[in-house]
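This report concerns only the one structure given below.
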Amino acid sequence: MGLSKNTITVKDGALGSGGGYASNAFAIIGISEKIPSGIITISSISEIEDMIGEGQLRDFLVDAFSFKTPPVAYVKVIAGSVIGTKSAITKTGTGKGTFTIAGDPRNQYKIKITIISAGGLNVATFQAEVDGRLLPKATVPALGTGYTLGNTGLTLNFDDGNPQIGETAFVSGDTFEFTTTAPSATNEELLNAIDEVFEAKKSFRLLCVALETDKVFWSVFQSRIEAETDKNFFCRGLTFGRDINESETRDQYITKMTTPEQERGMVEGKRIQVVLSVCSIVDAINGNTDYRTVMGKYLGFLMQNKIYESPAKTLLGAVGGIEAIKKYLESGEEKSFSLDGHIKALDKAGFVTVRTYHEKAGIYFTSGRTLCDEGSDFGEIMNCFVMDKACTVVAKRLFNFFNKDEDIGSDGTILGLSYIKAYGQQPLDDMKYINNEISSGTFIVPKEQDLLKTKNLNYFVEIVPKGYIVTLTGTINFVNPYVNK
Amino acid sequence: MARKNNEELNDQVEISETGVNIEQPKKEDISVSQENIEKMQESSKEQEESKTIEVWKKELKIKDWIFVGLCTFMNWASGKSVTKKEFEEHLNCFLNAKIGG
């Protein structure tokens with residue numbers, strides 16, 4: 001006798017071209033200041049900083065927990081051996097002094113130091129600004145005494161620049177600016193962390209990688225998550241791609257990101273979503289506003305809504321906490337992505353983006369695209385979640401059938417067929433009538449089965465998903481009632 | 001090739017004899033060394049032999065998702081032939097590469 005196994009084959013019917021499911025839980029992997037061992041559970045926004053400290057992962061979690069209904073997060077923090085980089089310092093003003101930057105950045109920062117009152121070391125005062133958030137005014141420290149720049153992981157070591165007579169080390173209004181990139185990890189480190197998350201056997205509907213990724217990782221991610229379906233664990237993956245860099249225009253960026261031979265790659269990722277939009281986002285803990293990918297907001301939005309609801313459903317309202325879509329300096333002008341050109345192209349290529357509407361203020365998600373062909377049944381996340389849940393609840397329900405004895409009738413068929421059908425139908429009825437997640441679902445067990453010979457029960461599940469109104473086409477005209485009399 | 005290596009080994013034995021505190025290797029030690037040489041030669045031959053990446057994946061028991069990532073990383077298409085050494089070097093390179101390139 002073979003090992004008991006329930007083999008579920010998910011079929012894509014290409015409609016677009018022609019119970020134990022943890023709907024409020026997600027798993028997330030990222031880099032942070034504190035590195036707790038194993039996988040920790042976070043269920044409230046107030047726990048985030050205490051448990052993981054500062055860093056990019058903190059930002060995503062804060063965004064994900066910024067909605068009314070808090071999700072449950074299974075968090076795996078990795079050390080990440082790729083340290084963040086620090087740009088050169090851009091100085092304005094006449095002072096002779098400067099500083100060097102020690103330490104490794106814990107996140108992507110935009111830092112500005114402004115001299116408030118003139119003088120030398122231990123005399124002049126300054127104020128630091130991290131991502132637009134002002135830190136308390138401080139005295140330029142004496143030589144050899146570093147200034148700890150908030151919780152960034154950086155220390156500034158000031159030097160007066162040896163001013164001559166008539167010169168000043170630090171002049172009021174002098175500014176110093178620099179940027180940093182967030183630390184990252186290697187493919188191996190991340191893959192090991194993903195293995196650890198899956199081995200923990202937690203129930204979640206999304207596995208989120210809070211690191212900037214590219215087509216190489218997207219291909220790995222899709223394949224890794226797909227492999228879990230062999231164990232009847234069904235979830236989806238979420239990550240984010242790079243933003244525009246300073247040396248390219250919006251058009252160049254869009255071409256690179258949407259061309260298969262370039263950065264889009266050939267990945268057919270039905271199980272993964274990649275967020276590309278960057279917005280000015282209000283931090284739900286400290287009230288600070290800075291530019292971040294909208295991945296954390298997207299994650300929280302998905303978790304707060306029903307599994308069958310599109311993240312682009314306008315009835316849900318605009319996404320809270322997003323102030324503006326990022327603009328990019330091009331030919332001396334600040335420009336954002338065009339809706340009909342750039343956003344449409346990114347959406348078609350399978351990326352998650354945000355948009356605005358003429359009819360109402362606020363920022364909305366364009367769609368719930370997965371990184372695959374838009375004509376696929378799984379081209380949007382709602383159908384993916386619904387299918388994952390159906391597979392999960394059916395698999396759990398049928399667990400009791402492994403090695404179960406059945407009476408065989410005189411014609412060789414299973415006698416208790418109607419009971420089996422009703423038993424398998426129950427979770428689908430729950431999805432339809434209790435949770436309103438599907439239009440209908442039918443559990444089918446073919447009558448003609450030779451259980452005595454095959455020791456296998458064949459079944460099929462047919463689900464009619466919900467339909468979604470993506471576009472509206474109407475005609476409005478005046479009518480003269482007199483003519484129609 | 002094997003003969004040349006044996007000659008080199010004999011040379012080394014002779015050099016050892018001239019040493020003051022070095023014991024002369026026993027005959028059986030030499031035969032073990034010869035076995036090792038043969039293994040090294042086989043291993044070296046294997047390193048030089050080109051096989052398709054699918055074959056290396058199977059032989060080296062590479063997980064599906066790592067293989068998919070490696071192929072995307074290297075821009076390899078199905079049927080690409082490389083030596084074992086090349087395969088392992090590129091695999092190592094992929095695993096140690098920064099996420100996001």
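Residues are referred to by chain and number: the chain letter is A, B, ... according to the order shown in the structure tokens, the number counts from 1 in that chain, and ligands are numbered separately from 1 in the order shown.
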Which residues, written as number ranges by chain, have at least one atom at most 10 Å from segment 301-303 of chain A, with only C-alpha atoms counted and residues fewer than 2 positions away on the same chain left out?
A: 23-26, 63-72, 205-206, 295-299, 305-312, 316, 319-320, 365, 368, 381-382
Take the residues just selected and output them with N, CA, C and O atoms as a short mmCIF file (atom, residue, chain, number, x, y, z; two decimals), in the first residue's frame.
data_model
loop_
_atom_site.label_atom_id
_atom_site.label_comp_id
_atom_site.auth_asym_id
_atom_site.auth_seq_id
_atom_site.Cartn_x
_atom_site.Cartn_y
_atom_site.Cartn_z
N SER A 23 -6.68 33.62 7.05
CA SER A 23 -6.88 34.76 6.16
C SER A 23 -6.31 36.06 6.71
O SER A 23 -6.12 37.01 5.97
N ASN A 24 -6.03 36.12 8.02
CA ASN A 24 -5.50 37.38 8.55
C ASN A 24 -4.03 37.27 8.96
O ASN A 24 -3.52 38.10 9.71
N ALA A 25 -3.35 36.24 8.50
CA ALA A 25 -1.95 36.07 8.90
C ALA A 25 -1.02 36.11 7.69
O ALA A 25 -1.36 35.65 6.61
N PHE A 26 0.14 36.68 7.92
CA PHE A 26 1.18 36.66 6.88
C PHE A 26 2.52 36.36 7.54
O PHE A 26 2.68 36.54 8.75
N ASP A 63 3.64 49.89 8.39
CA ASP A 63 2.66 50.17 7.33
C ASP A 63 1.58 49.08 7.27
O ASP A 63 0.40 49.36 7.11
N ALA A 64 2.01 47.83 7.42
CA ALA A 64 1.05 46.72 7.34
C ALA A 64 0.08 46.72 8.52
O ALA A 64 -1.06 46.29 8.40
N PHE A 65 0.56 47.21 9.66
CA PHE A 65 -0.29 47.25 10.87
C PHE A 65 -1.01 48.59 11.02
O PHE A 65 -1.58 48.86 12.08
N SER A 66 -0.96 49.44 10.01
CA SER A 66 -1.54 50.78 10.16
C SER A 66 -3.04 50.82 9.86
O SER A 66 -3.65 51.88 9.87
N PHE A 67 -3.65 49.66 9.59
CA PHE A 67 -5.08 49.64 9.28
C PHE A 67 -5.89 49.22 10.51
O PHE A 67 -5.32 48.78 11.51
N LYS A 68 -7.20 49.39 10.37
CA LYS A 68 -8.11 49.18 11.51
C LYS A 68 -8.02 47.76 12.09
O LYS A 68 -7.95 47.58 13.29
N THR A 69 -7.99 46.77 11.21
CA THR A 69 -7.96 45.39 11.70
C THR A 69 -6.52 44.88 11.67
O THR A 69 -5.95 44.67 10.60
N PRO A 70 -5.90 44.70 12.84
CA PRO A 70 -4.51 44.25 12.83
C PRO A 70 -4.38 42.79 12.41
O PRO A 70 -5.15 41.95 12.87
N PRO A 71 -3.44 42.50 11.53
CA PRO A 71 -3.21 41.11 11.14
C PRO A 71 -2.31 40.41 12.16
O PRO A 71 -1.93 41.00 13.17
N VAL A 72 -1.94 39.18 11.87
CA VAL A 72 -0.94 38.46 12.66
C VAL A 72 0.26 38.27 11.75
O VAL A 72 0.11 37.83 10.61
N ARG A 205 -1.37 33.32 4.69
CA ARG A 205 -1.77 33.33 3.27
C ARG A 205 -0.78 34.06 2.38
O ARG A 205 -0.85 33.99 1.17
N LEU A 206 0.15 34.80 2.98
CA LEU A 206 1.15 35.52 2.19
C LEU A 206 2.52 35.40 2.84
O LEU A 206 2.63 35.55 4.06
N MET A 295 4.68 48.54 -0.49
CA MET A 295 4.48 47.12 -0.19
C MET A 295 3.84 46.87 1.18
O MET A 295 2.94 46.04 1.31
N GLY A 296 4.29 47.61 2.19
CA GLY A 296 3.73 47.43 3.53
C GLY A 296 2.25 47.80 3.56
O GLY A 296 1.43 47.10 4.17
N LYS A 297 1.91 48.89 2.90
CA LYS A 297 0.51 49.32 2.84
C LYS A 297 -0.32 48.28 2.08
O LYS A 297 -1.45 47.97 2.46
N TYR A 298 0.24 47.79 1.00
CA TYR A 298 -0.47 46.79 0.19
C TYR A 298 -0.74 45.53 1.02
O TYR A 298 -1.84 44.99 1.02
N LEU A 299 0.28 45.14 1.74
CA LEU A 299 0.18 43.95 2.60
C LEU A 299 -0.94 44.14 3.63
O LEU A 299 -1.79 43.27 3.81
N ASN A 305 -8.83 43.28 4.23
CA ASN A 305 -10.01 43.05 3.40
C ASN A 305 -10.31 41.56 3.25
O ASN A 305 -9.49 40.71 3.57
N LYS A 306 -11.49 41.28 2.72
CA LYS A 306 -11.90 39.89 2.51
C LYS A 306 -11.02 39.28 1.40
O LYS A 306 -10.58 40.00 0.49
N ILE A 307 -10.86 37.99 1.43
CA ILE A 307 -9.93 37.37 0.48
C ILE A 307 -10.40 37.52 -0.96
O ILE A 307 -9.59 37.49 -1.89
N TYR A 308 -11.71 37.68 -1.14
CA TYR A 308 -12.24 37.77 -2.51
C TYR A 308 -12.31 39.22 -3.00
O TYR A 308 -12.67 39.47 -4.15
N GLU A 309 -11.98 40.15 -2.13
CA GLU A 309 -12.07 41.56 -2.53
C GLU A 309 -10.80 42.02 -3.24
O GLU A 309 -9.69 41.77 -2.76
N SER A 310 -10.99 42.71 -4.35
CA SER A 310 -9.83 43.23 -5.07
C SER A 310 -9.22 44.38 -4.26
O SER A 310 -9.94 45.21 -3.72
N PRO A 311 -7.89 44.43 -4.17
CA PRO A 311 -7.27 45.57 -3.48
C PRO A 311 -7.56 46.88 -4.22
O PRO A 311 -7.36 47.96 -3.66
N ALA A 312 -8.04 46.74 -5.45
CA ALA A 312 -8.36 47.95 -6.23
C ALA A 312 -9.84 48.34 -6.12
O ALA A 312 -10.28 49.25 -6.83
N LEU A 316 -13.83 50.30 -1.16
CA LEU A 316 -13.07 50.18 0.09
C LEU A 316 -12.44 51.51 0.49
O LEU A 316 -11.94 51.66 1.59
N VAL A 319 -6.37 54.32 0.03
CA VAL A 319 -5.49 53.69 1.01
C VAL A 319 -5.05 54.74 2.03
O VAL A 319 -4.44 55.76 1.67
N GLY A 320 -5.34 54.48 3.27
CA GLY A 320 -5.02 55.44 4.33
C GLY A 320 -3.52 55.57 4.54
O GLY A 320 -2.79 54.59 4.44
N PHE A 365 -4.94 51.31 -5.12
CA PHE A 365 -4.15 50.32 -5.85
C PHE A 365 -4.77 50.13 -7.23
O PHE A 365 -5.99 50.14 -7.38
N GLY A 368 -4.74 43.98 -8.41
CA GLY A 368 -4.05 43.03 -7.53
C GLY A 368 -3.21 42.09 -8.35
O GLY A 368 -3.22 40.88 -8.16
N ILE A 381 -4.82 38.73 -7.54
CA ILE A 381 -4.63 38.04 -6.26
C ILE A 381 -5.93 37.49 -5.67
O ILE A 381 -5.90 36.51 -4.93
N MET A 382 -7.08 38.08 -5.99
CA MET A 382 -8.33 37.62 -5.36
C MET A 382 -8.62 36.17 -5.70
O MET A 382 -8.91 35.35 -4.82
#
Under the rule of at most 10 Å, produce a per-residue listing of chain B near chain A: chain, number, name, the closest pair of atoms, and the distance in Å, as CSV, using only C-alpha atoms.
residue,atom,partner,partner_atom,distance
B:Lys63,CA,A:Arg224,CA,9.2
B:Asp64,CA,A:Ser223,CA,7.1
B:Trp65,CA,A:Ser223,CA,4.9
B:Ile66,CA,A:Val220,CA,6.3
B:Phe67,CA,A:Val220,CA,8.2
B:Val68,CA,A:Val220,CA,6.0
B:Gly69,CA,A:Val220,CA,4.8
B:Leu70,CA,A:Val216,CA,7.8
B:Cys71,CA,A:Val216,CA,8.5
B:Thr72,CA,A:Val216,CA,5.4
B:Phe73,CA,A:Val216,CA,5.5
B:Met74,CA,A:Val216,CA,9.2
B:Asn75,CA,A:Val216,CA,9.5
B:Asn92,CA,A:Glu188,CA,9.3
B:Cys93,CA,A:Asn187,CA,9.7
B:Phe94,CA,A:Asn187,CA,7.0
B:Leu95,CA,A:Glu188,CA,4.7
B:Asn96,CA,A:Thr186,CA,5.3
B:Ala97,CA,A:Thr186,CA,5.2
B:Lys98,CA,A:Thr186,CA,4.3
B:Ile99,CA,A:Thr186,CA,5.3
B:Gly100,CA,A:Thr213,CA,3.9
B:Gly101,CA,A:Asp214,CA,6.8
In terms of the shortest atom-to-atom distance over only C-alpha atoms, which of A:Glu380, A:Glu268, A:Glu199, A:Asp450 is closest to Gly38 of chain A?
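So, comparing all the options, the nearest one is A:Glu199.
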Give me the residues within 7 Å of segment 119-127 of chain A as a list in words, counting only C-alpha atoms and dropping any in the same chain fewer than 5 places off.
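My list of contacting residues is Ile113, Thr114, Leu135, Pro136, Lys137, Ala138, Thr139, Val140, Pro141, Ala142, Leu143, Asp160, Thr168, Ala169, Phe170 and Val171 of chain A.
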Show which residues sit within 10 Å of Phe99 of chain A, as a ChimeraX atom specification. Count only C-alpha atoms, and ignore same-chain residues fewer than 6 positions away.
/A:89,140,146,155-161,176
Selection to disk with C-alpha atoms, as an mmCIF file, in the first residue's frame:
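again03.cif was written with the following content:
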data_model
loop_
_atom_site.group_PDB
_atom_site.id
_atom_site.type_symbol
_atom_site.label_atom_id
_atom_site.label_comp_id
_atom_site.auth_asym_id
_atom_site.auth_seq_id
_atom_site.Cartn_x
_atom_site.Cartn_y
_atom_site.Cartn_z
ATOM 1 C CA ILE A 89 28.567 64.190 1.618
ATOM 2 C CA VAL A 140 28.988 69.936 17.323
ATOM 3 C CA GLY A 146 31.114 61.130 17.790
ATOM 4 C CA THR A 155 27.891 58.106 13.992
ATOM 5 C CA LEU A 156 29.146 61.461 12.725
ATOM 6 C CA ASN A 157 32.730 62.401 13.616
ATOM 7 C CA PHE A 158 33.179 66.167 13.157
ATOM 8 C CA ASP A 159 36.392 67.880 12.148
ATOM 9 C CA ASP A 160 36.825 71.673 12.198
ATOM 10 C CA GLY A 161 38.850 71.679 8.954
ATOM 11 C CA PHE A 176 25.592 68.686 4.732
#
List as a list in words the protein and nucleic acid residues near Gly362 of chain A, meaning an atom at most 9 Å away when only C-alpha atoms are counted, but skip any in the same chain fewer than 4 places from it.
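Contacts, in chain order: Gly317, Ala318, Val319, Gly320, Ile322, Glu323, Ala324, Arg355, Thr356 and Tyr357 of chain A.
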All strand (DSSP E or B) positions in segment 160-273 of chain A, as an MDAnalysis selection string:
chainID A and resid 170 175:180 184 186 206:212 236:240 269 272:273
Which of these residues is nearest to Leu154 of chain A, using only C-alpha atoms: A:Thr442, A:Thr85, A:Thr92, A:Gln425?
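Answer, going by the shortest atom-to-atom distance: A:Thr85.
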Which residue, B:Val82, B:Ala77, B:Leu91, B:Ile37, has the smallest gap to Ile62 of chain B when you use only C-alpha atoms?
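Of B:Val82, B:Ala77, B:Leu91, B:Ile37, the one nearest Ile62 of chain B is B:Leu91, counting only C-alpha atoms.
One finds atom CA of Gly144 of chain A at 17.7 Å from atom CA of Pro163 of chain A.
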Non-local contacts of segment 50-62 of chain A (9 Å; only C-alpha atoms; under 2 positions in same chain excluded) as an MDAnalysis selection string:
chainID A and resid 28:36 40 42 45:48 64:66 73 77 105:108 151:153 182:183 210:211 283:285 292:297 299:300
Leaving out Glu54 of chain B and any residue of its chain fewer than 5 positions from it, which residues lie within 10 Å of it when counting only C-alpha atoms, given as a list in words?
Glu59, Leu60, Ile62, Phe67, Ser78, Gly79, Lys80 and Ser81 of chain B
Those selected residues, please, written with all heavy atoms and delivered as a PDB file, in the first residue's frame.
ATOM      1  N   GLU B  59      22.549  15.187 -10.796  1.00  0.00           N
ATOM      2  CA  GLU B  59      23.695  14.531 -10.151  1.00  0.00           C
ATOM      3  C   GLU B  59      24.084  15.211  -8.843  1.00  0.00           C
ATOM      4  O   GLU B  59      24.467  14.543  -7.889  1.00  0.00           O
ATOM      5  CB  GLU B  59      24.902  14.522 -11.107  1.00  0.00           C
ATOM      6  CG  GLU B  59      24.744  13.501 -12.217  1.00  0.00           C
ATOM      7  CD  GLU B  59      25.997  13.331 -13.047  1.00  0.00           C
ATOM      8  OE1 GLU B  59      27.065  13.836 -12.655  1.00  0.00           O
ATOM      9  OE2 GLU B  59      25.905  12.688 -14.121  1.00  0.00           O
ATOM     10  N   LEU B  60      23.988  16.528  -8.811  1.00  0.00           N
ATOM     11  CA  LEU B  60      24.390  17.271  -7.610  1.00  0.00           C
ATOM     12  C   LEU B  60      23.216  17.525  -6.659  1.00  0.00           C
ATOM     13  O   LEU B  60      23.360  18.207  -5.656  1.00  0.00           O
ATOM     14  CB  LEU B  60      25.055  18.602  -7.999  1.00  0.00           C
ATOM     15  CG  LEU B  60      26.312  18.484  -8.853  1.00  0.00           C
ATOM     16  CD1 LEU B  60      26.784  19.849  -9.326  1.00  0.00           C
ATOM     17  CD2 LEU B  60      27.419  17.780  -8.083  1.00  0.00           C
ATOM     18  N   ILE B  62      20.457  19.345  -6.853  1.00  0.00           N
ATOM     19  CA  ILE B  62      20.132  20.760  -6.662  1.00  0.00           C
ATOM     20  C   ILE B  62      18.615  20.914  -6.614  1.00  0.00           C
ATOM     21  O   ILE B  62      17.905  20.362  -7.455  1.00  0.00           O
ATOM     22  CB  ILE B  62      20.692  21.622  -7.829  1.00  0.00           C
ATOM     23  CG1 ILE B  62      22.202  21.378  -7.992  1.00  0.00           C
ATOM     24  CG2 ILE B  62      20.386  23.099  -7.629  1.00  0.00           C
ATOM     25  CD1 ILE B  62      23.063  21.796  -6.861  1.00  0.00           C
ATOM     26  N   PHE B  67      17.879  25.810  -8.808  1.00  0.00           N
ATOM     27  CA  PHE B  67      18.243  25.612 -10.215  1.00  0.00           C
ATOM     28  C   PHE B  67      17.586  26.688 -11.096  1.00  0.00           C
ATOM     29  O   PHE B  67      18.233  27.273 -11.967  1.00  0.00           O
ATOM     30  CB  PHE B  67      17.801  24.213 -10.662  1.00  0.00           C
ATOM     31  CG  PHE B  67      18.151  23.900 -12.091  1.00  0.00           C
ATOM     32  CD1 PHE B  67      19.466  23.691 -12.470  1.00  0.00           C
ATOM     33  CD2 PHE B  67      17.154  23.824 -13.059  1.00  0.00           C
ATOM     34  CE1 PHE B  67      19.786  23.412 -13.794  1.00  0.00           C
ATOM     35  CE2 PHE B  67      17.470  23.546 -14.379  1.00  0.00           C
ATOM     36  CZ  PHE B  67      18.799  23.337 -14.741  1.00  0.00           C
ATOM     37  N   SER B  78      17.555  25.885 -21.265  1.00  0.00           N
ATOM     38  CA  SER B  78      17.577  24.426 -21.165  1.00  0.00           C
ATOM     39  C   SER B  78      18.580  23.829 -22.161  1.00  0.00           C
ATOM     40  O   SER B  78      18.679  24.288 -23.304  1.00  0.00           O
ATOM     41  CB  SER B  78      16.167  23.922 -21.454  1.00  0.00           C
ATOM     42  OG  SER B  78      16.170  22.553 -21.625  1.00  0.00           O
ATOM     43  N   GLY B  79      19.312  22.821 -21.721  1.00  0.00           N
ATOM     44  CA  GLY B  79      20.245  22.138 -22.615  1.00  0.00           C
ATOM     45  C   GLY B  79      21.642  22.712 -22.626  1.00  0.00           C
ATOM     46  O   GLY B  79      22.533  22.161 -23.265  1.00  0.00           O
ATOM     47  N   LYS B  80      21.870  23.773 -21.896  1.00  0.00           N
ATOM     48  CA  LYS B  80      23.201  24.399 -21.835  1.00  0.00           C
ATOM     49  C   LYS B  80      24.204  23.412 -21.217  1.00  0.00           C
ATOM     50  O   LYS B  80      23.902  22.775 -20.201  1.00  0.00           O
ATOM     51  CB  LYS B  80      23.089  25.669 -20.972  1.00  0.00           C
ATOM     52  CG  LYS B  80      24.397  26.286 -20.561  1.00  0.00           C
ATOM     53  CD  LYS B  80      24.930  27.194 -21.626  1.00  0.00           C
ATOM     54  CE  LYS B  80      26.225  27.860 -21.166  1.00  0.00           C
ATOM     55  NZ  LYS B  80      26.881  28.533 -22.291  1.00  0.00           N
ATOM     56  N   SER B  81      25.374  23.274 -21.833  1.00  0.00           N
ATOM     57  CA  SER B  81      26.392  22.360 -21.307  1.00  0.00           C
ATOM     58  C   SER B  81      27.516  23.127 -20.634  1.00  0.00           C
ATOM     59  O   SER B  81      28.015  24.115 -21.194  1.00  0.00           O
ATOM     60  CB  SER B  81      26.980  21.516 -22.440  1.00  0.00           C
ATOM     61  OG  SER B  81      26.085  20.504 -22.779  1.00  0.00           O
TER      62      SER B  81
END
Residues of segment 30-123 of chain A in helix (DSSP H, G or I) according to DSSP, as a PyMOL selection string?
chain A and resi 45-52+56-64
